[in-house]
Amino acid sequence: MEKITSFKLNHNTHTAGFFLSSVNLDIFTYDLRFVTPNSGQYITPSVAHTIEHLFATVIRNSPIKQDVIYFGPMGCRTGFYLLLRNVAPEEAQKATIAALKDSTLLKSIPGNKKIECGNYKSHNLPAAIAAITEYISVIENFDTSSSIL
Ligand SMILES: [Zn+2]
């Protein structure tokens, strides 16, 4: 079988950051890489789950909500995928930073009732906010011109 795009990325030299990883027609896939791959430090499942609930809710209520296709965690637990319709890196980075900041202001987890979620007890709001805050410091100083893989 053909090697898929995300496996062609050299994970040995890849770092935490904000990357445009592929463009298919008008769908732009961004990698929100929270931690450096294979560093021994990974996002725990409950923290990834809570970040998914927080950020998905905020970005889908943001000024670019009509362009949000998908947001969800990477299986390797080093970050998240954000799929946007026709949003270029600089604007995507700004919208992501704004949504991350708004996510840290939430006092409760949206959609965390049993009827709303498939694993409603697997959440950690304080640790999720701490992880988002740490990632904001990475992405705020990240040069978008180096963000295209
Ligand atoms: Zn859930």
# chains A, B, ... in the order shown; residues from 1 in each chain; ligands from 1
call {"tool": "residues_near_ligand", "arguments": {"ligand": "ligand 1", "cutoff": "7 Å", "atoms": "only C-alpha atoms and all ligand atoms", "output": "PyMOL selection string"}}
result
chain A and resi 49+53+111-112+117-120
call {"tool": "select_by_dssp", "arguments": {"residues": "chain A", "states": "strand (DSSP E or B)", "output": "JSON, numbers by chain"}}
result
{"A": [17, 18, 19, 20, 21, 22, 23, 24, 27, 28, 29, 30, 31, 32, 33, 68, 69, 70, 71, 72, 73, 79, 80, 81, 82, 83, 84, 85, 148]}
call {"tool": "closest_residue", "arguments": {"among": "A:Ile97, A:Arg85, A:Lys113, A:Asp102", "to": "Asn141 (chain A)", "atoms": "only C-alpha atoms"}}
result
A:Ile97
call {"tool": "residues_around", "arguments": {"residues": "Ser22 (chain A)", "least_positions_apart": "6", "cutoff": "8 Å", "atoms": "only C-alpha atoms", "output": "list of chain:residue names"}}
result
A:Thr5, A:Phe28, A:Thr29, A:Tyr30, A:Leu149
call {"tool": "residues_around", "arguments": {"residues": "Thr78 (chain A)", "least_positions_apart": "6", "cutoff": "7 Å", "atoms": "only C-alpha atoms", "output": "list in words"}}
result
Arg33, Phe34, Val35, Thr36, Pro37, Tyr42 and Ile43 of chain A
call {"tool": "select_by_dssp", "arguments": {"residues": "chain A", "states": "alpha helix (DSSP H)", "output": "number ranges by chain"}}
result
A: 5-8, 45-59, 89-104, 125-140
call {"tool": "write_last_selection", "arguments": {"atoms": "N, CA and C atoms", "output": "compact mmCIF listing (two decimals), in the first residue's frame"}}
result
# COMPACT_ATOMS: atom_id res chain seq x y z
N THR A 5 0.35 10.51 3.73
CA THR A 5 1.09 11.76 3.91
C THR A 5 1.66 11.92 5.32
N SER A 6 0.87 11.63 6.34
CA SER A 6 1.32 11.91 7.71
C SER A 6 2.48 11.02 8.14
N PHE A 7 2.67 9.87 7.45
CA PHE A 7 3.80 8.99 7.80
C PHE A 7 5.09 9.42 7.07
N LYS A 8 4.95 10.30 6.11
CA LYS A 8 6.13 10.77 5.37
C LYS A 8 6.88 11.87 6.12
N PRO A 45 -4.71 10.41 28.03
CA PRO A 45 -6.01 10.29 27.36
C PRO A 45 -7.09 11.23 27.93
N SER A 46 -7.14 11.37 29.25
CA SER A 46 -8.19 12.22 29.82
C SER A 46 -7.94 13.70 29.49
N VAL A 47 -6.67 14.12 29.46
CA VAL A 47 -6.36 15.51 29.10
C VAL A 47 -6.67 15.76 27.62
N ALA A 48 -6.28 14.83 26.75
CA ALA A 48 -6.58 14.97 25.32
C ALA A 48 -8.09 15.05 25.10
N HIS A 49 -8.82 14.23 25.83
CA HIS A 49 -10.28 14.20 25.72
C HIS A 49 -10.89 15.55 26.11
N THR A 50 -10.42 16.10 27.23
CA THR A 50 -10.96 17.40 27.68
C THR A 50 -10.57 18.52 26.72
N ILE A 51 -9.34 18.52 26.23
CA ILE A 51 -8.92 19.54 25.25
C ILE A 51 -9.81 19.45 24.01
N GLU A 52 -10.11 18.24 23.59
CA GLU A 52 -11.00 18.07 22.43
C GLU A 52 -12.35 18.74 22.68
N HIS A 53 -12.93 18.49 23.85
CA HIS A 53 -14.24 19.08 24.16
C HIS A 53 -14.15 20.61 24.22
N LEU A 54 -13.13 21.13 24.89
CA LEU A 54 -12.99 22.59 25.06
C LEU A 54 -12.76 23.28 23.72
N PHE A 55 -11.71 22.85 23.02
CA PHE A 55 -11.31 23.56 21.80
C PHE A 55 -12.35 23.39 20.69
N ALA A 56 -12.91 22.19 20.55
CA ALA A 56 -13.92 21.97 19.50
C ALA A 56 -15.11 22.89 19.73
N THR A 57 -15.52 23.04 20.99
CA THR A 57 -16.65 23.91 21.30
C THR A 57 -16.32 25.36 20.98
N VAL A 58 -15.15 25.81 21.40
CA VAL A 58 -14.78 27.22 21.21
C VAL A 58 -14.57 27.54 19.73
N ILE A 59 -13.82 26.70 19.01
CA ILE A 59 -13.53 27.01 17.60
C ILE A 59 -14.80 26.95 16.75
N PRO A 89 -2.34 29.69 6.63
CA PRO A 89 -1.64 29.49 7.91
C PRO A 89 -1.67 30.66 8.88
N GLU A 90 -1.44 31.88 8.39
CA GLU A 90 -1.37 33.01 9.33
C GLU A 90 -2.71 33.24 10.03
N GLU A 91 -3.79 33.20 9.24
CA GLU A 91 -5.13 33.39 9.83
C GLU A 91 -5.49 32.20 10.72
N ALA A 92 -5.13 31.00 10.29
CA ALA A 92 -5.43 29.81 11.08
C ALA A 92 -4.71 29.85 12.42
N GLN A 93 -3.46 30.30 12.40
CA GLN A 93 -2.68 30.39 13.64
C GLN A 93 -3.32 31.41 14.60
N LYS A 94 -3.73 32.57 14.06
CA LYS A 94 -4.37 33.58 14.90
C LYS A 94 -5.67 33.06 15.50
N ALA A 95 -6.49 32.41 14.67
CA ALA A 95 -7.76 31.86 15.14
C ALA A 95 -7.54 30.77 16.18
N THR A 96 -6.49 29.97 15.98
CA THR A 96 -6.18 28.90 16.92
C THR A 96 -5.74 29.47 18.26
N ILE A 97 -4.88 30.49 18.23
CA ILE A 97 -4.41 31.11 19.48
C ILE A 97 -5.61 31.71 20.24
N ALA A 98 -6.48 32.41 19.52
CA ALA A 98 -7.66 33.01 20.17
C ALA A 98 -8.54 31.94 20.79
N ALA A 99 -8.75 30.84 20.07
CA ALA A 99 -9.60 29.76 20.58
C ALA A 99 -8.95 29.04 21.76
N LEU A 100 -7.63 28.90 21.71
CA LEU A 100 -6.93 28.28 22.85
C LEU A 100 -7.09 29.14 24.10
N LYS A 101 -6.92 30.47 23.93
CA LYS A 101 -7.05 31.37 25.08
C LYS A 101 -8.48 31.32 25.64
N ASP A 102 -9.46 31.34 24.75
CA ASP A 102 -10.86 31.26 25.21
C ASP A 102 -11.13 29.91 25.89
N SER A 103 -10.48 28.86 25.42
CA SER A 103 -10.67 27.53 26.03
C SER A 103 -10.22 27.53 27.49
N THR A 104 -9.15 28.27 27.80
CA THR A 104 -8.64 28.27 29.17
C THR A 104 -9.56 29.03 30.12
N LEU A 125 -10.05 18.74 33.69
CA LEU A 125 -10.07 20.16 33.30
C LEU A 125 -8.81 20.93 33.74
N PRO A 126 -8.37 20.83 35.00
CA PRO A 126 -7.17 21.62 35.38
C PRO A 126 -5.94 21.24 34.56
N ALA A 127 -5.73 19.94 34.33
CA ALA A 127 -4.55 19.52 33.56
C ALA A 127 -4.69 19.91 32.09
N ALA A 128 -5.92 19.90 31.57
CA ALA A 128 -6.14 20.32 30.18
C ALA A 128 -5.81 21.80 30.02
N ILE A 129 -6.26 22.62 30.95
CA ILE A 129 -5.99 24.05 30.88
C ILE A 129 -4.48 24.31 31.01
N ALA A 130 -3.81 23.55 31.87
CA ALA A 130 -2.35 23.69 32.01
C ALA A 130 -1.65 23.33 30.70
N ALA A 131 -2.09 22.26 30.04
CA ALA A 131 -1.47 21.83 28.78
C ALA A 131 -1.72 22.86 27.68
N ILE A 132 -2.94 23.41 27.64
CA ILE A 132 -3.26 24.44 26.64
C ILE A 132 -2.41 25.69 26.88
N THR A 133 -2.29 26.09 28.14
CA THR A 133 -1.50 27.28 28.49
C THR A 133 -0.04 27.12 28.06
N GLU A 134 0.49 25.93 28.27
CA GLU A 134 1.88 25.66 27.87
C GLU A 134 1.99 25.72 26.34
N TYR A 135 1.00 25.15 25.64
CA TYR A 135 1.03 25.16 24.18
C TYR A 135 0.88 26.58 23.62
N ILE A 136 0.09 27.43 24.29
CA ILE A 136 -0.05 28.82 23.84
C ILE A 136 1.33 29.50 23.78
N SER A 137 2.17 29.23 24.76
CA SER A 137 3.50 29.85 24.77
C SER A 137 4.36 29.35 23.61
N VAL A 138 4.09 28.11 23.16
CA VAL A 138 4.81 27.56 21.99
C VAL A 138 4.31 28.22 20.71
N ILE A 139 3.00 28.23 20.53
CA ILE A 139 2.41 28.65 19.25
C ILE A 139 2.49 30.17 19.07
N GLU A 140 2.44 30.94 20.17
CA GLU A 140 2.50 32.41 20.05
C GLU A 140 3.82 32.88 19.45
call {"tool": "closest_residue", "arguments": {"among": "A:Asn38, A:Ala88, A:Pro110, A:Ser122", "to": "Leu20 (chain A)", "atoms": "only C-alpha atoms"}}
result
A:Ala88
call {"tool": "residues_around", "arguments": {"residues": "Asp26 (chain A)", "least_positions_apart": "4", "cutoff": "10 Å", "atoms": "only C-alpha atoms", "output": "JSON, numbers by chain"}}
result
{"A": [84, 85, 86, 87]}
call {"tool": "closest_residue", "arguments": {"among": "A:Ser39, A:Ala16, A:Lys107, A:Ile27", "to": "Tyr70 (chain A)", "atoms": "only C-alpha atoms"}}
result
A:Ile27
call {"tool": "closest_residue", "arguments": {"among": "A:Thr15, A:Phe71, A:Ile4, A:Asn10", "to": "Phe142 (chain A)", "atoms": "only C-alpha atoms"}}
result
A:Thr15
call {"tool": "closest_residue", "arguments": {"among": "A:Tyr81, A:Cys76, A:Lys65, A:Ser108", "to": "His11 (chain A)", "atoms": "only C-alpha atoms"}}
result
A:Cys76
call {"tool": "atom_distance", "arguments": {"atom1": "CA of Asn124 (chain A)", "atom2": "CA of Phe18 (chain A)"}}
result
23.5 Å
call {"tool": "atom_distance", "arguments": {"atom1": "CA of Asp67 (chain A)", "atom2": "CA of Leu106 (chain A)"}}
result
22.5 Å
call {"tool": "decode", "arguments": {"residues": "region 51-62 of chain A", "atoms": "all heavy atoms", "output": "PDB file, in the first residue's frame"}}
result
ATOM      1  N   ILE A  51      -9.336  18.517  26.230  1.00  0.00           N
ATOM      2  CA  ILE A  51      -8.924  19.538  25.253  1.00  0.00           C
ATOM      3  C   ILE A  51      -9.808  19.451  24.011  1.00  0.00           C
ATOM      4  O   ILE A  51     -10.230  20.476  23.470  1.00  0.00           O
ATOM      5  CB  ILE A  51      -7.432  19.385  24.886  1.00  0.00           C
ATOM      6  CG1 ILE A  51      -6.548  19.732  26.097  1.00  0.00           C
ATOM      7  CG2 ILE A  51      -7.064  20.279  23.689  1.00  0.00           C
ATOM      8  CD1 ILE A  51      -5.068  19.412  25.909  1.00  0.00           C
ATOM      9  N   GLU A  52     -10.114  18.236  23.588  1.00  0.00           N
ATOM     10  CA  GLU A  52     -10.997  18.065  22.430  1.00  0.00           C
ATOM     11  C   GLU A  52     -12.347  18.736  22.685  1.00  0.00           C
ATOM     12  O   GLU A  52     -12.854  19.478  21.841  1.00  0.00           O
ATOM     13  CB  GLU A  52     -11.186  16.571  22.135  1.00  0.00           C
ATOM     14  CG  GLU A  52     -12.102  16.301  20.953  1.00  0.00           C
ATOM     15  CD  GLU A  52     -12.439  14.822  20.807  1.00  0.00           C
ATOM     16  OE1 GLU A  52     -12.474  14.098  21.824  1.00  0.00           O
ATOM     17  OE2 GLU A  52     -12.665  14.392  19.661  1.00  0.00           O
ATOM     18  N   HIS A  53     -12.934  18.487  23.849  1.00  0.00           N
ATOM     19  CA  HIS A  53     -14.240  19.081  24.160  1.00  0.00           C
ATOM     20  C   HIS A  53     -14.151  20.609  24.222  1.00  0.00           C
ATOM     21  O   HIS A  53     -15.015  21.308  23.686  1.00  0.00           O
ATOM     22  CB  HIS A  53     -14.747  18.555  25.502  1.00  0.00           C
ATOM     23  CG  HIS A  53     -15.438  17.229  25.424  1.00  0.00           C
ATOM     24  ND1 HIS A  53     -16.720  17.014  25.886  1.00  0.00           N
ATOM     25  CD2 HIS A  53     -15.012  16.028  24.945  1.00  0.00           C
ATOM     26  CE1 HIS A  53     -17.055  15.745  25.704  1.00  0.00           C
ATOM     27  NE2 HIS A  53     -16.029  15.115  25.132  1.00  0.00           N
ATOM     28  N   LEU A  54     -13.127  21.130  24.886  1.00  0.00           N
ATOM     29  CA  LEU A  54     -12.995  22.589  25.064  1.00  0.00           C
ATOM     30  C   LEU A  54     -12.764  23.281  23.725  1.00  0.00           C
ATOM     31  O   LEU A  54     -13.504  24.191  23.334  1.00  0.00           O
ATOM     32  CB  LEU A  54     -11.816  22.911  25.999  1.00  0.00           C
ATOM     33  CG  LEU A  54     -11.861  22.401  27.441  1.00  0.00           C
ATOM     34  CD1 LEU A  54     -10.540  22.725  28.143  1.00  0.00           C
ATOM     35  CD2 LEU A  54     -13.030  22.974  28.214  1.00  0.00           C
ATOM     36  N   PHE A  55     -11.713  22.850  23.018  1.00  0.00           N
ATOM     37  CA  PHE A  55     -11.308  23.560  21.797  1.00  0.00           C
ATOM     38  C   PHE A  55     -12.352  23.395  20.687  1.00  0.00           C
ATOM     39  O   PHE A  55     -12.649  24.350  19.966  1.00  0.00           O
ATOM     40  CB  PHE A  55      -9.932  23.070  21.339  1.00  0.00           C
ATOM     41  CG  PHE A  55      -9.357  23.888  20.220  1.00  0.00           C
ATOM     42  CD1 PHE A  55      -8.626  25.043  20.480  1.00  0.00           C
ATOM     43  CD2 PHE A  55      -9.552  23.519  18.894  1.00  0.00           C
ATOM     44  CE1 PHE A  55      -8.107  25.810  19.448  1.00  0.00           C
ATOM     45  CE2 PHE A  55      -9.032  24.272  17.852  1.00  0.00           C
ATOM     46  CZ  PHE A  55      -8.306  25.425  18.129  1.00  0.00           C
ATOM     47  N   ALA A  56     -12.908  22.186  20.547  1.00  0.00           N
ATOM     48  CA  ALA A  56     -13.922  21.966  19.503  1.00  0.00           C
ATOM     49  C   ALA A  56     -15.114  22.887  19.726  1.00  0.00           C
ATOM     50  O   ALA A  56     -15.647  23.479  18.774  1.00  0.00           O
ATOM     51  CB  ALA A  56     -14.371  20.501  19.488  1.00  0.00           C
ATOM     52  N   THR A  57     -15.518  23.039  20.987  1.00  0.00           N
ATOM     53  CA  THR A  57     -16.652  23.910  21.298  1.00  0.00           C
ATOM     54  C   THR A  57     -16.325  25.365  20.977  1.00  0.00           C
ATOM     55  O   THR A  57     -17.119  26.064  20.333  1.00  0.00           O
ATOM     56  CB  THR A  57     -17.031  23.768  22.791  1.00  0.00           C
ATOM     57  OG1 THR A  57     -17.404  22.409  23.038  1.00  0.00           O
ATOM     58  CG2 THR A  57     -18.181  24.686  23.152  1.00  0.00           C
ATOM     59  N   VAL A  58     -15.146  25.807  21.398  1.00  0.00           N
ATOM     60  CA  VAL A  58     -14.779  27.216  21.214  1.00  0.00           C
ATOM     61  C   VAL A  58     -14.571  27.540  19.730  1.00  0.00           C
ATOM     62  O   VAL A  58     -15.089  28.542  19.227  1.00  0.00           O
ATOM     63  CB  VAL A  58     -13.521  27.568  22.041  1.00  0.00           C
ATOM     64  CG1 VAL A  58     -12.998  28.950  21.678  1.00  0.00           C
ATOM     65  CG2 VAL A  58     -13.832  27.505  23.533  1.00  0.00           C
ATOM     66  N   ILE A  59     -13.823  26.699  19.008  1.00  0.00           N
ATOM     67  CA  ILE A  59     -13.526  27.010  17.600  1.00  0.00           C
ATOM     68  C   ILE A  59     -14.805  26.949  16.752  1.00  0.00           C
ATOM     69  O   ILE A  59     -14.954  27.699  15.789  1.00  0.00           O
ATOM     70  CB  ILE A  59     -12.411  26.087  17.024  1.00  0.00           C
ATOM     71  CG1 ILE A  59     -11.797  26.682  15.756  1.00  0.00           C
ATOM     72  CG2 ILE A  59     -12.885  24.670  16.758  1.00  0.00           C
ATOM     73  CD1 ILE A  59     -10.779  27.743  15.946  1.00  0.00           C
ATOM     74  N   ARG A  60     -15.744  26.079  17.154  1.00  0.00           N
ATOM     75  CA  ARG A  60     -17.011  25.985  16.421  1.00  0.00           C
ATOM     76  C   ARG A  60     -17.989  27.102  16.787  1.00  0.00           C
ATOM     77  O   ARG A  60     -19.087  27.186  16.233  1.00  0.00           O
ATOM     78  CB  ARG A  60     -17.648  24.606  16.621  1.00  0.00           C
ATOM     79  CG  ARG A  60     -16.897  23.489  15.913  1.00  0.00           C
ATOM     80  CD  ARG A  60     -17.584  22.152  16.054  1.00  0.00           C
ATOM     81  NE  ARG A  60     -16.840  21.067  15.425  1.00  0.00           N
ATOM     82  CZ  ARG A  60     -16.809  20.815  14.116  1.00  0.00           C
ATOM     83  NH1 ARG A  60     -17.501  21.574  13.286  1.00  0.00           N
ATOM     84  NH2 ARG A  60     -16.099  19.810  13.645  1.00  0.00           N
ATOM     85  N   ASN A  61     -17.591  27.945  17.741  1.00  0.00           N
ATOM     86  CA  ASN A  61     -18.368  29.137  18.078  1.00  0.00           C
ATOM     87  C   ASN A  61     -17.572  30.411  17.779  1.00  0.00           C
ATOM     88  O   ASN A  61     -17.955  31.495  18.210  1.00  0.00           O
ATOM     89  CB  ASN A  61     -18.740  29.107  19.570  1.00  0.00           C
ATOM     90  CG  ASN A  61     -19.890  28.153  19.845  1.00  0.00           C
ATOM     91  OD1 ASN A  61     -21.045  28.485  19.624  1.00  0.00           O
ATOM     92  ND2 ASN A  61     -19.568  26.954  20.291  1.00  0.00           N
ATOM     93  N   SER A  62     -16.469  30.276  17.059  1.00  0.00           N
ATOM     94  CA  SER A  62     -15.569  31.402  16.794  1.00  0.00           C
ATOM     95  C   SER A  62     -15.931  32.074  15.466  1.00  0.00           C
ATOM     96  O   SER A  62     -16.788  31.578  14.727  1.00  0.00           O
ATOM     97  CB  SER A  62     -14.128  30.884  16.733  1.00  0.00           C
ATOM     98  OG  SER A  62     -13.904  30.233  15.504  1.00  0.00           O
TER      99      SER A  62
END
